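Asks: Got data27.cif for you, mmCIF, C-alpha atoms and all ligand atoms:
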```
data_structure
loop_
_atom_site.label_atom_id
_atom_site.label_comp_id
_atom_site.auth_asym_id
_atom_site.auth_seq_id
_atom_site.Cartn_x
_atom_site.Cartn_y
_atom_site.Cartn_z
CA VAL A 230 104.12 103.29 95.23
CA GLU A 231 106.57 103.87 98.00
CA VAL A 232 108.81 101.08 99.11
CA ARG A 233 111.19 102.84 101.37
CA ASN A 234 113.14 102.57 104.53
CA VAL A 235 111.52 104.92 106.97
CA ALA A 236 113.57 104.19 110.05
CA ALA A 237 114.89 107.73 110.18
CA ALA A 238 111.50 109.35 109.62
CA ALA A 239 109.85 107.11 112.19
CA ASP A 240 112.48 107.96 114.77
CA ARG A 241 111.75 111.64 114.21
CA SER A 242 107.98 111.20 114.48
CA ARG A 243 108.39 109.16 117.64
CA VAL A 244 110.22 112.02 119.27
CA ALA A 245 107.48 114.38 118.11
CA ASP A 246 104.68 112.10 119.35
CA GLY A 247 106.37 111.45 122.66
CA GLY A 248 106.46 107.66 122.16
CA SER A 249 105.70 104.97 119.60
CA VAL A 250 103.03 102.30 119.77
CA PRO A 251 104.33 99.70 122.27
CA CYS A 252 104.98 96.11 121.14
CA ALA A 253 101.72 94.11 120.82
CA VAL A 254 103.37 91.07 122.41
CA CYS A 255 105.67 92.30 125.19
CA SER A 256 104.65 95.99 125.58
CA ALA A 257 108.27 97.13 125.21
CA GLN A 258 108.71 100.67 123.92
CA ASN A 259 111.87 100.04 121.86
CA VAL A 260 109.94 99.33 118.70
CA ARG A 261 111.51 100.59 115.47
CA ALA A 262 109.73 101.16 112.16
CA PHE A 263 111.60 99.87 109.10
CA PHE A 264 109.22 99.58 106.15
CA GLU A 265 106.34 101.56 104.77
CA LEU A 266 103.71 101.11 102.07
CA ARG A 267 100.94 103.65 101.63
CA GLY A 268 97.45 103.25 100.21
CA VAL A 269 97.37 99.46 99.79
CA PRO A 270 94.04 97.60 99.32
CA ALA A 271 92.84 96.69 102.81
CA ARG A 272 90.55 93.77 101.90
CA THR A 273 92.67 91.50 99.75
CA SER A 274 90.80 88.24 100.47
CA VAL A 275 87.33 89.63 99.81
CA ILE A 276 85.97 89.16 96.32
CA ALA A 277 83.66 91.71 94.75
CA ALA A 278 80.48 91.19 92.74
CA THR A 279 81.13 94.17 90.46
CA ARG A 280 84.14 96.04 89.10
CA ASP A 281 83.10 99.26 90.88
CA GLU A 282 82.83 97.45 94.18
CA ALA A 283 86.29 95.93 93.66
CA LEU A 284 87.82 99.34 92.92
CA ALA A 285 86.08 101.01 95.87
CA VAL A 286 87.82 98.75 98.42
CA PRO A 287 89.21 100.79 101.34
CA ARG A 288 92.95 101.44 101.32
CA GLY A 289 95.26 101.66 104.28
CA ASP A 290 98.91 102.19 105.20
CA ILE A 291 101.46 99.66 106.32
CA LEU A 292 104.22 100.73 108.71
CA LEU A 293 106.11 97.64 109.83
CA ALA A 294 108.00 97.94 113.08
CA CYS A 295 110.23 95.43 114.86
CA CYS A 296 110.38 95.05 118.64
CA GLY A 297 113.97 95.15 119.87
CA ASN A 298 112.95 93.20 122.95
CA CYS A 299 111.03 90.14 121.64
CA GLY A 300 111.37 90.32 117.83
CA PHE A 301 107.67 90.71 117.10
CA ILE A 302 106.94 92.60 113.89
CA GLY A 303 103.64 94.40 113.49
CA ASN A 304 101.95 97.04 111.33
CA GLN A 305 101.80 100.11 113.51
CA ALA A 306 99.46 101.88 111.06
CA PHE A 307 96.91 99.04 111.12
CA ASP A 308 93.26 100.06 111.37
CA ALA A 309 91.01 97.03 111.94
CA GLY A 310 88.04 99.16 110.83
CA LEU A 311 89.28 99.02 107.23
CA THR A 312 89.25 95.21 107.08
CA GLU A 313 86.27 92.95 106.56
CA TYR A 314 85.80 89.44 107.95
CA SER A 315 82.56 88.19 106.50
CA GLY A 316 81.14 85.51 104.22
CA ARG A 317 82.53 87.56 101.29
CA ILE A 318 86.02 86.32 102.16
CA GLU A 319 87.07 83.64 99.73
CA ASP A 320 90.48 82.34 100.72
CA THR A 321 90.13 78.58 100.54
CA GLN A 322 92.99 76.93 98.66
CA SER A 323 91.54 73.43 98.83
CA CYS A 324 90.89 73.39 95.07
CA SER A 325 94.61 72.78 94.65
CA ALA A 326 95.68 69.13 94.87
CA VAL A 327 98.99 70.25 96.40
CA TYR A 328 97.20 72.19 99.14
CA SER A 329 94.64 69.43 99.78
CA ALA A 330 97.44 66.88 100.19
CA TYR A 331 99.12 69.25 102.64
CA LEU A 332 95.91 69.59 104.70
CA GLU A 333 95.50 65.80 104.74
CA GLU A 334 99.08 65.44 105.97
CA LEU A 335 98.49 67.98 108.74
CA ALA A 336 95.31 66.16 109.83
CA VAL A 337 97.18 62.84 109.91
CA HIS A 338 99.96 64.44 111.99
CA ILE A 339 97.40 65.73 114.50
CA VAL A 340 95.56 62.41 114.72
CA GLU A 341 98.53 60.01 114.60
CA SER A 342 101.44 61.91 116.16
CA LEU A 343 99.55 64.12 118.60
CA GLY A 344 97.00 61.42 119.44
CA ILE A 345 93.88 63.50 118.80
CA ARG A 346 91.43 60.65 118.28
CA ASN A 347 87.84 60.48 119.59
CA ARG A 348 88.39 63.91 121.13
CA HIS A 349 86.80 67.34 120.86
CA VAL A 350 88.51 69.94 118.71
CA VAL A 351 87.95 73.70 118.60
CA GLU A 352 89.17 75.46 115.47
CA ILE A 353 89.64 79.22 115.73
CA GLY A 354 89.38 80.86 112.30
CA CYS A 355 88.04 77.79 110.51
CA GLY A 356 87.16 79.58 107.26
CA LYS A 357 84.56 77.54 105.39
CA GLY A 358 85.28 74.51 107.63
CA GLU A 359 87.09 72.08 105.30
CA PHE A 360 89.97 71.40 107.67
CA LEU A 361 87.82 70.81 110.75
CA HIS A 362 85.71 68.40 108.74
CA LEU A 363 88.86 66.58 107.64
CA LEU A 364 90.28 66.43 111.16
CA CYS A 365 87.04 65.09 112.63
CA ARG A 366 86.67 62.48 109.91
CA ALA A 367 90.32 61.36 110.15
CA GLY A 368 90.28 60.85 113.92
CA GLY A 369 86.65 60.19 114.80
CA ASN A 370 86.68 63.56 116.54
CA SER A 371 83.90 66.04 117.21
CA GLY A 372 84.54 69.70 116.52
CA THR A 373 83.40 73.29 116.86
CA GLY A 374 84.66 75.83 114.35
CA PHE A 375 84.61 79.59 114.82
CA ASP A 376 84.89 82.10 111.99
CA PRO A 377 82.89 85.20 111.05
CA ALA A 378 83.58 84.19 107.41
CA PHE A 379 81.84 80.82 107.81
CA ARG A 380 78.80 80.37 105.59
CA ALA A 381 76.06 77.86 106.42
CA ASP A 382 75.40 77.32 102.70
CA ARG A 383 79.02 76.08 102.36
CA HIS A 384 78.90 73.71 105.38
CA PRO A 385 81.30 70.88 104.47
CA CYS A 386 79.34 68.18 106.33
CA PRO A 387 75.76 69.35 107.12
CA ASP A 388 74.68 65.79 107.96
CA ASP A 389 77.36 65.25 110.61
CA PRO A 390 76.03 66.37 114.03
CA ALA A 391 79.53 66.01 115.56
CA VAL A 392 80.86 69.00 113.60
CA ARG A 393 79.34 72.38 114.24
CA PHE A 394 80.19 75.92 113.26
CA VAL A 395 79.71 79.34 114.81
CA ALA A 396 79.91 82.29 112.40
CA ASP A 397 81.60 84.49 114.98
CA ARG A 398 85.04 85.28 116.34
CA PHE A 399 86.16 82.97 119.14
CA SER A 400 86.02 84.79 122.47
CA GLU A 401 85.70 84.12 126.18
CA ARG A 402 81.95 83.85 125.85
CA TYR A 403 82.61 80.50 124.15
CA SER A 404 84.96 79.27 126.88
CA GLY A 405 82.42 76.62 127.93
CA THR A 406 83.06 74.89 124.60
CA GLY A 407 86.03 73.00 126.12
CA ALA A 408 88.35 70.98 123.91
CA ASP A 409 91.24 68.53 123.83
CA LEU A 410 92.79 70.48 120.98
CA TYR A 411 92.60 74.17 120.06
CA VAL A 412 93.78 74.51 116.49
CA SER A 413 94.13 77.72 114.50
CA LYS A 414 95.51 78.08 110.99
CA MET A 415 96.39 81.36 109.35
CA THR A 416 94.48 83.50 111.84
CA LEU A 417 96.86 84.93 114.45
CA GLU A 418 98.60 87.06 111.80
CA HIS A 419 95.26 88.89 111.36
CA ILE A 420 95.09 89.85 115.04
CA ALA A 421 96.72 93.12 116.13
CA ASP A 422 96.42 92.65 119.89
CA VAL A 423 98.39 89.40 120.06
CA ARG A 424 98.95 89.58 123.80
CA GLY A 425 95.25 90.26 124.47
CA PHE A 426 94.14 87.42 122.19
CA LEU A 427 96.51 84.78 123.57
CA GLY A 428 95.65 85.88 127.12
CA MET A 429 91.95 85.46 126.29
CA LEU A 430 92.65 81.97 124.91
CA ARG A 431 94.61 81.01 128.03
CA ARG A 432 91.76 82.20 130.28
CA SER A 433 89.18 80.40 128.12
CA ILE A 434 91.00 77.11 128.63
CA GLY A 435 90.92 77.71 132.37
CA ALA A 436 92.48 75.62 135.11
CA GLY A 437 92.24 71.87 135.45
CA SER A 438 92.48 70.96 131.78
CA ALA A 439 95.56 70.64 129.61
CA PRO A 440 94.50 70.66 125.99
CA LEU A 441 96.97 70.83 123.13
CA VAL A 442 97.17 74.14 121.33
CA LEU A 443 98.37 74.19 117.71
CA PHE A 444 98.66 77.50 115.88
CA GLN A 445 99.93 78.02 112.36
CA VAL A 446 100.97 81.35 110.82
CA PRO A 447 103.07 82.48 107.84
CA GLU A 448 106.80 81.97 108.53
CA SER A 449 107.97 85.56 108.46
CA GLY A 450 111.71 84.94 108.73
CA ARG A 451 111.51 83.86 105.07
CA ILE A 452 109.50 86.94 104.15
CA PHE A 453 112.08 89.29 105.64
CA ARG A 454 115.16 87.31 104.58
CA GLU A 455 114.02 87.09 100.96
CA GLY A 456 112.23 90.43 100.56
CA ARG A 457 108.88 88.72 99.87
CA VAL A 458 106.95 91.95 99.68
CA CYS A 459 103.75 90.35 98.29
CA ASP A 460 103.45 88.48 101.59
CA VAL A 461 103.12 91.83 103.36
CA VAL A 462 99.38 92.36 103.07
CA TYR A 463 97.14 94.76 104.92
CA GLU A 464 95.13 92.13 106.77
CA HIS A 465 98.34 90.62 108.13
CA CYS A 466 99.06 93.04 110.93
CA SER A 467 101.30 90.59 112.87
CA TYR A 468 104.44 88.76 111.68
CA PHE A 469 106.17 85.92 113.52
CA THR A 470 109.43 83.99 113.36
CA PRO A 471 109.82 80.74 115.35
CA GLU A 472 111.52 82.73 118.12
CA SER A 473 108.96 85.53 118.42
CA LEU A 474 106.03 83.10 118.20
CA GLN A 475 107.45 81.05 121.06
CA ALA A 476 108.05 84.20 123.09
CA ALA A 477 104.44 85.32 122.53
CA PHE A 478 103.03 81.99 123.73
CA ARG A 479 105.33 81.80 126.77
CA ARG A 480 104.37 85.32 127.80
CA ALA A 481 100.68 84.36 127.58
CA GLY A 482 101.14 81.39 129.93
CA PHE A 483 101.74 78.49 127.56
CA GLU A 484 104.44 75.83 127.67
CA VAL A 485 105.90 75.52 124.17
CA LEU A 486 106.34 71.92 122.99
CA GLY A 487 107.93 72.83 119.67
CA THR A 488 107.70 74.67 116.36
CA ARG A 489 107.65 73.29 112.82
CA ILE A 490 108.22 74.94 109.46
CA SER A 491 106.43 73.34 106.50
CA TYR A 492 104.88 73.99 103.09
CA GLY A 493 108.09 74.89 101.31
CA GLY A 494 109.22 77.03 104.23
CA GLN A 495 106.05 79.15 104.11
CA HIS A 496 104.16 77.95 107.18
CA LEU A 497 105.20 78.08 110.82
CA ALA A 498 103.36 75.98 113.41
CA ILE A 499 103.67 76.01 117.18
CA GLU A 500 102.52 73.27 119.53
CA ALA A 501 101.89 74.27 123.11
CA ARG A 502 99.89 73.49 126.22
CA PRO A 503 98.85 75.57 129.23
CA GLY A 504 101.78 76.41 131.50
CA THR A 505 103.01 79.36 133.49
CA VAL A 506 103.73 82.89 132.30
CA GLN A 507 107.37 83.31 131.33
CA ASP A 508 109.09 86.53 130.41
CA CYS A 509 111.73 86.01 127.80
CA ALA A 510 113.67 88.96 126.52
CA GLU A 511 116.31 87.85 124.07
CA ARG A 512 117.20 90.66 121.77
CA PRO A 513 116.83 89.22 118.25
CA GLU A 514 119.84 90.91 116.62
CA TRP A 515 119.60 88.86 113.41
CA LEU A 516 116.00 89.97 112.89
CA VAL A 517 116.82 93.60 113.53
CA SER A 518 119.50 93.49 110.82
CA LEU A 519 117.13 91.64 108.46
CA ALA A 520 114.57 94.37 108.97
CA ASP A 521 117.18 96.98 108.03
CA GLY A 522 117.77 95.33 104.65
CA PHE A 523 114.14 94.48 103.87
CA ALA A 524 113.11 97.64 102.02
CA ASP A 525 116.11 97.31 99.65
CA LEU A 526 115.31 93.66 98.90
CA CYS A 527 111.68 94.58 98.18
CA ARG A 528 112.66 97.47 95.92
CA THR A 529 114.93 95.15 93.92
CA ARG A 530 112.13 92.60 93.51
CA VAL A 531 109.51 95.15 92.47
CA ARG A 532 111.92 96.74 89.95
CA SER A 533 112.68 93.38 88.38
CA TRP A 534 108.96 92.56 88.00
CA SER A 535 108.21 95.97 86.53
CA ALA A 536 111.10 95.65 84.07
CA GLY A 537 109.94 92.17 83.03
CA ILE A 538 106.41 93.42 82.49
CA ARG A 539 107.57 96.45 80.47
CA GLU A 540 109.72 94.23 78.24
CA ALA A 541 106.92 91.72 77.72
CA VAL A 542 104.43 94.46 76.83
CA ALA A 543 106.92 96.04 74.41
CA ALA A 544 107.41 92.65 72.74
CA GLY A 545 103.65 92.18 72.40
CA ARG A 546 103.63 89.18 74.74
CA LYS A 547 100.46 88.31 76.60
CA ILE A 548 100.77 88.37 80.39
CA VAL A 549 98.62 86.46 82.85
CA VAL A 550 98.69 86.30 86.65
CA TRP A 551 97.98 82.91 88.26
CA GLY A 552 96.22 83.39 91.59
CA SER A 553 93.77 86.12 92.59
CA GLY A 554 94.25 86.24 96.37
CA SER A 555 96.22 88.55 98.65
CA ARG A 556 99.63 87.99 97.00
CA SER A 557 98.15 88.67 93.59
CA VAL A 558 96.53 91.92 94.74
CA MET A 559 99.85 93.07 96.18
CA PHE A 560 101.84 91.95 93.11
CA LEU A 561 99.62 93.93 90.76
CA HIS A 562 99.50 96.93 93.09
CA LEU A 563 103.29 97.07 93.54
CA SER A 564 104.41 96.21 90.01
CA GLY A 565 101.91 98.55 88.41
CA ALA A 566 100.84 95.74 86.06
CA GLU A 567 97.07 96.26 86.47
CA GLN A 568 96.79 97.79 83.01
CA CYS A 569 99.12 95.28 81.34
CA VAL A 570 97.73 91.85 82.15
CA ASP A 571 95.45 89.84 79.91
CA GLY A 572 93.87 87.85 82.70
CA ILE A 573 93.83 86.82 86.36
CA ILE A 574 93.39 83.07 86.74
CA ASP A 575 92.09 81.22 89.79
CA ILE A 576 91.28 77.53 90.12
CA ASN A 577 88.78 78.24 92.95
CA PRO A 578 85.34 78.20 91.24
CA ASN A 579 83.97 80.44 94.02
CA ARG A 580 86.34 83.19 92.87
CA GLN A 581 85.77 82.80 89.14
CA GLY A 582 83.35 85.34 87.69
CA SER A 583 84.05 87.79 90.52
CA TRP A 584 86.27 90.86 90.52
CA GLN A 585 89.63 91.18 92.24
CA SER A 586 89.69 93.49 95.21
CA GLY A 587 91.71 96.64 94.61
CA THR A 588 92.52 96.07 90.92
CA GLY A 589 88.97 95.66 89.61
CA LEU A 590 90.15 92.92 87.25
CA PRO A 591 87.88 89.97 86.40
CA ILE A 592 88.85 86.56 87.84
CA LEU A 593 88.86 83.85 85.18
CA PRO A 594 88.92 80.04 85.22
CA PRO A 595 92.05 78.24 83.90
CA GLU A 596 90.10 77.10 80.80
CA SER A 597 90.01 80.70 79.57
CA LEU A 598 93.76 80.40 78.89
CA VAL A 599 92.93 78.33 75.81
CA ASP A 600 91.57 81.55 74.25
CA ILE A 601 94.01 84.01 75.85
CA ARG A 602 97.09 81.95 74.85
CA PRO A 603 99.47 83.70 77.30
CA ASP A 604 103.22 83.99 76.69
CA LEU A 605 104.17 84.80 80.29
CA ILE A 606 102.46 83.74 83.52
CA PHE A 607 103.38 85.20 86.90
CA VAL A 608 102.70 82.49 89.48
CA MET A 609 101.88 83.83 92.95
CA ASN A 610 103.17 80.81 94.87
CA PRO A 611 106.15 78.70 93.69
CA ILE A 612 104.71 75.63 95.44
CA TYR A 613 102.04 75.36 92.72
CA LEU A 614 104.45 75.51 89.73
CA ASP A 615 104.34 71.78 88.87
CA GLU A 616 100.57 71.60 89.32
CA ILE A 617 100.10 74.62 87.04
CA ARG A 618 102.54 73.25 84.44
CA ARG A 619 100.51 70.01 84.27
CA LEU A 620 97.25 71.93 83.79
CA LEU A 621 98.83 74.02 81.03
CA ASP A 622 100.20 70.88 79.34
CA GLY A 623 96.63 69.62 79.29
CA PHE A 624 95.62 72.75 77.36
CA GLY A 625 98.60 72.35 74.99
CA LEU A 626 100.13 75.62 76.28
CA GLN A 627 103.82 76.22 77.00
CA PRO A 628 104.11 79.78 78.34
CA GLU A 629 107.04 81.00 80.41
CA LEU A 630 106.26 80.69 84.15
CA VAL A 631 107.77 83.16 86.64
CA ALA A 632 107.22 82.48 90.34
CA VAL A 633 106.80 85.65 92.39
ZN ZN A 701 108.05 92.80 121.95
#
```
The structure given in the file should be rewritten as structure tokens.
Ligand SMILES: [Zn+2]

Replies:
Amino acid sequence: VEVRNVAAAADRSRVADGGSVPCAVCSAQNVRAFFELRGVPARTSVIAATRDEALAVPRGDILLACCGNCGFIGNQAFDAGLTEYSGRIEDTQSCSAVYSAYLEELAVHIVESLGIRNRHVVEIGCGKGEFLHLLCRAGGNSGTGFDPAFRADRHPCPDDPAVRFVADRFSERYSGTGADLYVSKMTLEHIADVRGFLGMLRRSIGAGSAPLVLFQVPESGRIFREGRVCDVVYEHCSYFTPESLQAAFRRAGFEVLGTRISYGGQHLAIEARPGTVQDCAERPEWLVSLADGFADLCRTRVRSWSAGIREAVAAGRKIVVWGSGSRSVMFLHLSGAEQCVDGIIDINPNRQGSWQSGTGLPILPPESLVDIRPDLIFVMNPIYLDEIRRLLDGFGLQPELVAV
């Protein structure tokens, strides 16, 4: 696995190619590559029905580059053809009480603070529809959710005619849908052509209406400040900080009302409404220097995991990974622990019994820990540590927990 700073190599190839890929937000050409991973699993949220299918997942390269004009960071090697957005995606986190409480809080914020009550809501990238259902129930709203991964057999409220779902990507052909709120959680980071997508959204809203627009993405300042390499996943081709997210919305013709960071610093939300196109070109020096140090931070992290795993194996300790989603796929891929773990645990029953994309490891329910009796558990998200500790207490287990 290569975790290396490729700035120099990328500069050379740019000269050879006669120009790099322009920035997906502002079209500037001064985009500089700073981090590369080759051959990573390209479908980290998809679960597989068999081990062979899980191992046969396509692999792609990541070449992160930072725009010196607007601060947008994107994967210049991204190939959308390698990804899959279908009903086989299983990325709901609602089985966690911590996550459910967070979703409830967000719904209350939208209803109470933003005044979205008895209105129509469009959700772009609604997954299996739990949040739209929640938002409609909390505020007496009606809603339309769009997501190619939606599954009719998992409809959260089939008896409620006010909430409907379209198993398709949102596009201009749905512009007649109209809404008082366009909400989108954890979707924009999957879109390579950010400028094209936000422009399409702005045109879909049209003139004469002023809906609220609320988008949420991973907060990438934290990723790059802390070397959180497991948050760099193939499907995430676009990375935003508060500054670059605001710049992207202003360039697409939105007036930015504010940004919020939540969920232990992991989520970044922007609230906006239709406005005029504004060009903002503040050179994000701090981000450029962060990018320069990122590969070193990642290397240090991966080395420490690998050393911990080697020591544990040598001592005959049993190792388990808690969480089977994107972070888990990347953790196992980067640390080389695929052969060393005694189980991958997931509390989502829709994942249990399936096989983890890329590693081909079986996904087990928490109850299986009673038999495995792990000594060391790598936890993929620190926000779930207390919840996991309580579950383990219930099983009478006291393993060491290490948050990745
Ligand atoms: Zn840019």

Asks: With distances taken over all atoms listed in the file, which residue among A:Gly572, A:Gly545, A:Gly300, A:Gly537 lies nearest ligand ZN 701 (chain A)?

Replies: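 Between A:Gly572, A:Gly545, A:Gly300, A:Gly537, the residue approaching ligand ZN 701 (chain A) most closely is A:Gly300.
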
Asks: Mind giving me the straight-line distance from CA of Leu292 in chain A to CA of Leu430 in chain A in Å, one decimal?

Replies: 27.4 Å

Asks: List every residue of chain A that has an atom at most 10 Å from any atom of ligand ZN 701 (chain A), and for each one report the closest atom pair and its distance in Å to one decimal, counting all atoms listed in the file, with rows sorted by chain and then by increasing residue number, as JSON lines.

Replies:
```
{"residue": "A:Pro251", "atom": "CA", "partner": "A:ZN701", "partner_atom": "ZN", "distance": 7.8}
{"residue": "A:Cys252", "atom": "CA", "partner": "A:ZN701", "partner_atom": "ZN", "distance": 4.6}
{"residue": "A:Ala253", "atom": "CA", "partner": "A:ZN701", "partner_atom": "ZN", "distance": 6.6}
{"residue": "A:Val254", "atom": "CA", "partner": "A:ZN701", "partner_atom": "ZN", "distance": 5.0}
{"residue": "A:Cys255", "atom": "CA", "partner": "A:ZN701", "partner_atom": "ZN", "distance": 4.1}
{"residue": "A:Ser256", "atom": "CA", "partner": "A:ZN701", "partner_atom": "ZN", "distance": 5.9}
{"residue": "A:Ala257", "atom": "CA", "partner": "A:ZN701", "partner_atom": "ZN", "distance": 5.4}
{"residue": "A:Gln258", "atom": "CA", "partner": "A:ZN701", "partner_atom": "ZN", "distance": 8.1}
{"residue": "A:Asn259", "atom": "CA", "partner": "A:ZN701", "partner_atom": "ZN", "distance": 8.2}
{"residue": "A:Val260", "atom": "CA", "partner": "A:ZN701", "partner_atom": "ZN", "distance": 7.5}
{"residue": "A:Cys295", "atom": "CA", "partner": "A:ZN701", "partner_atom": "ZN", "distance": 7.9}
{"residue": "A:Cys296", "atom": "CA", "partner": "A:ZN701", "partner_atom": "ZN", "distance": 4.6}
{"residue": "A:Gly297", "atom": "CA", "partner": "A:ZN701", "partner_atom": "ZN", "distance": 6.7}
{"residue": "A:Asn298", "atom": "CA", "partner": "A:ZN701", "partner_atom": "ZN", "distance": 5.0}
{"residue": "A:Cys299", "atom": "CA", "partner": "A:ZN701", "partner_atom": "ZN", "distance": 4.0}
{"residue": "A:Gly300", "atom": "CA", "partner": "A:ZN701", "partner_atom": "ZN", "distance": 5.8}
{"residue": "A:Phe301", "atom": "CA", "partner": "A:ZN701", "partner_atom": "ZN", "distance": 5.3}
{"residue": "A:Ile302", "atom": "CA", "partner": "A:ZN701", "partner_atom": "ZN", "distance": 8.1}
{"residue": "A:Gly303", "atom": "CA", "partner": "A:ZN701", "partner_atom": "ZN", "distance": 9.7}
{"residue": "A:Arg424", "atom": "CA", "partner": "A:ZN701", "partner_atom": "ZN", "distance": 9.8}
{"residue": "A:Ser473", "atom": "CA", "partner": "A:ZN701", "partner_atom": "ZN", "distance": 8.1}
{"residue": "A:Ala476", "atom": "CA", "partner": "A:ZN701", "partner_atom": "ZN", "distance": 8.7}
{"residue": "A:Ala477", "atom": "CA", "partner": "A:ZN701", "partner_atom": "ZN", "distance": 8.3}
{"residue": "A:Cys509", "atom": "CA", "partner": "A:ZN701", "partner_atom": "ZN", "distance": 9.7}
{"residue": "A:Ala510", "atom": "CA", "partner": "A:ZN701", "partner_atom": "ZN", "distance": 8.2}
{"residue": "A:Glu511", "atom": "CA", "partner": "A:ZN701", "partner_atom": "ZN", "distance": 9.9}
{"residue": "A:Arg512", "atom": "CA", "partner": "A:ZN701", "partner_atom": "ZN", "distance": 9.4}
```

Asks: Would you save the residues of that selection, restricted to C-alpha atoms, as a PDB file, keeping the file's coordinate frame?

Replies:
```
ATOM      1  CA  PRO A 251     104.330  99.700 122.270  1.00  0.00           C
ATOM      2  CA  CYS A 252     104.980  96.110 121.140  1.00  0.00           C
ATOM      3  CA  ALA A 253     101.720  94.110 120.820  1.00  0.00           C
ATOM      4  CA  VAL A 254     103.370  91.070 122.410  1.00  0.00           C
ATOM      5  CA  CYS A 255     105.670  92.300 125.190  1.00  0.00           C
ATOM      6  CA  SER A 256     104.650  95.990 125.580  1.00  0.00           C
ATOM      7  CA  ALA A 257     108.270  97.130 125.210  1.00  0.00           C
ATOM      8  CA  GLN A 258     108.710 100.670 123.920  1.00  0.00           C
ATOM      9  CA  ASN A 259     111.870 100.040 121.860  1.00  0.00           C
ATOM     10  CA  VAL A 260     109.940  99.330 118.700  1.00  0.00           C
ATOM     11  CA  CYS A 295     110.230  95.430 114.860  1.00  0.00           C
ATOM     12  CA  CYS A 296     110.380  95.050 118.640  1.00  0.00           C
ATOM     13  CA  GLY A 297     113.970  95.150 119.870  1.00  0.00           C
ATOM     14  CA  ASN A 298     112.950  93.200 122.950  1.00  0.00           C
ATOM     15  CA  CYS A 299     111.030  90.140 121.640  1.00  0.00           C
ATOM     16  CA  GLY A 300     111.370  90.320 117.830  1.00  0.00           C
ATOM     17  CA  PHE A 301     107.670  90.710 117.100  1.00  0.00           C
ATOM     18  CA  ILE A 302     106.940  92.600 113.890  1.00  0.00           C
ATOM     19  CA  GLY A 303     103.640  94.400 113.490  1.00  0.00           C
ATOM     20  CA  ARG A 424      98.950  89.580 123.800  1.00  0.00           C
ATOM     21  CA  SER A 473     108.960  85.530 118.420  1.00  0.00           C
ATOM     22  CA  ALA A 476     108.050  84.200 123.090  1.00  0.00           C
ATOM     23  CA  ALA A 477     104.440  85.320 122.530  1.00  0.00           C
ATOM     24  CA  CYS A 509     111.730  86.010 127.800  1.00  0.00           C
ATOM     25  CA  ALA A 510     113.670  88.960 126.520  1.00  0.00           C
ATOM     26  CA  GLU A 511     116.310  87.850 124.070  1.00  0.00           C
ATOM     27  CA  ARG A 512     117.200  90.660 121.770  1.00  0.00           C
TER      28      ARG A 512
END
```

Asks: Compare A:Tyr468, A:Met609, A:Phe360, A:Ser371 by their minimum atom-to-atom distance to Leu561 in chain A, counting all atoms listed in the file, and give me the closest one.

Replies: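 That would be A:Met609, the residue with the smallest distance to Leu561 in chain A.
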
Asks: Can you tell me, as a list of chain:residue names, what residues are no more than 8 Å from range 402-406 of chain A when counting only C-alpha atoms, ignoring any on the same chain fewer than 6 positions away?

Replies: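 Here the qualifying residues turn out to be A:Val351, A:Thr373, A:Ser433, A:Ile434.
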
Asks: Excluding Ile420 in chain A and residues on its chain fewer than 3 positions from it, collect all residues at most 7 Å away from it, counting all atoms listed in the file, and give them as a ChimeraX atom specification.

Replies: /A:417,423,466-467

Asks: Give the answer as one residue: which of A:Lys357, A:Arg556, A:Arg280, A:Arg451 has the shortest atom-to-atom distance to Asn610 in chain A, using all atoms listed in the file?

Replies: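 Checking each of A:Lys357, A:Arg556, A:Arg280, A:Arg451 against Asn610 in chain A, counting all atoms listed in the file, the winner is A:Arg556.
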
Asks: Counting only C-alpha atoms, figure out which residue out of A:Val337, A:Ala408, A:Cys386, A:Ala367 gets nearest to Val350 in chain A.

Replies: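 The closest residue to Val350 in chain A is A:Ala408.
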
Asks: Just the number, please: distance in Å from CA of Leu363 in chain A to CA of Ser555 in chain A, one decimal.

Replies: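 Going from CA of Leu363 in chain A over to CA of Ser555 in chain A, I get 24.9 Å.
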
Asks: CA of Ser564 in chain A and CA of Leu284 in chain A, how far apart in Å?

Replies: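 These atoms are spaced 17.1 Å apart.
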
Asks: So that I can see what lies close to Tyr411 in chain A, please list as JSON, numbers by chain the residues with an atom at most 12 Å from it, counting all atoms listed in the file and leaving out residues fewer than 5 positions away in the same chain.

Replies: {"A": [339, 345, 348, 349, 350, 351, 352, 353, 354, 355, 361, 372, 373, 374, 375, 399, 404, 406, 427, 430, 431, 433, 434, 439, 440, 441, 442, 443, 444, 445, 499, 500, 501, 502, 503]}

Asks: Looking at A:Arg618, A:Arg380, A:Arg272, A:Arg267, which one is nearest to Asn304 in chain A, with distances taken over only C-alpha atoms?

Replies: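 Of the candidates, the smallest distance to Asn304 in chain A is held by A:Arg267.
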
Asks: Skipping near chain neighbours, those fewer than 5 positions away, what residues fall within 9 Å of Arg539 in chain A using all atoms listed in the file, listed as a ChimeraX atom specification?

Replies: /A:534,544,566,569

Asks: For Arg602 in chain A, which residue out of A:Asp615, A:Arg580, A:Gly625, A:Phe483 is the nearest one, using all atoms listed in the file?

Replies: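 Closest to Arg602 in chain A of all the choices is A:Gly625.
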
Asks: Compile the contact shell of range 321-328 of chain A as a PyMOL selection string: residues with an atom at most 9 Å away, counting all atoms listed in the file, same-chain residues fewer than 5 positions apart removed.

Replies: chain A and resi 333+356-357+359+492+576-578+612-613+616
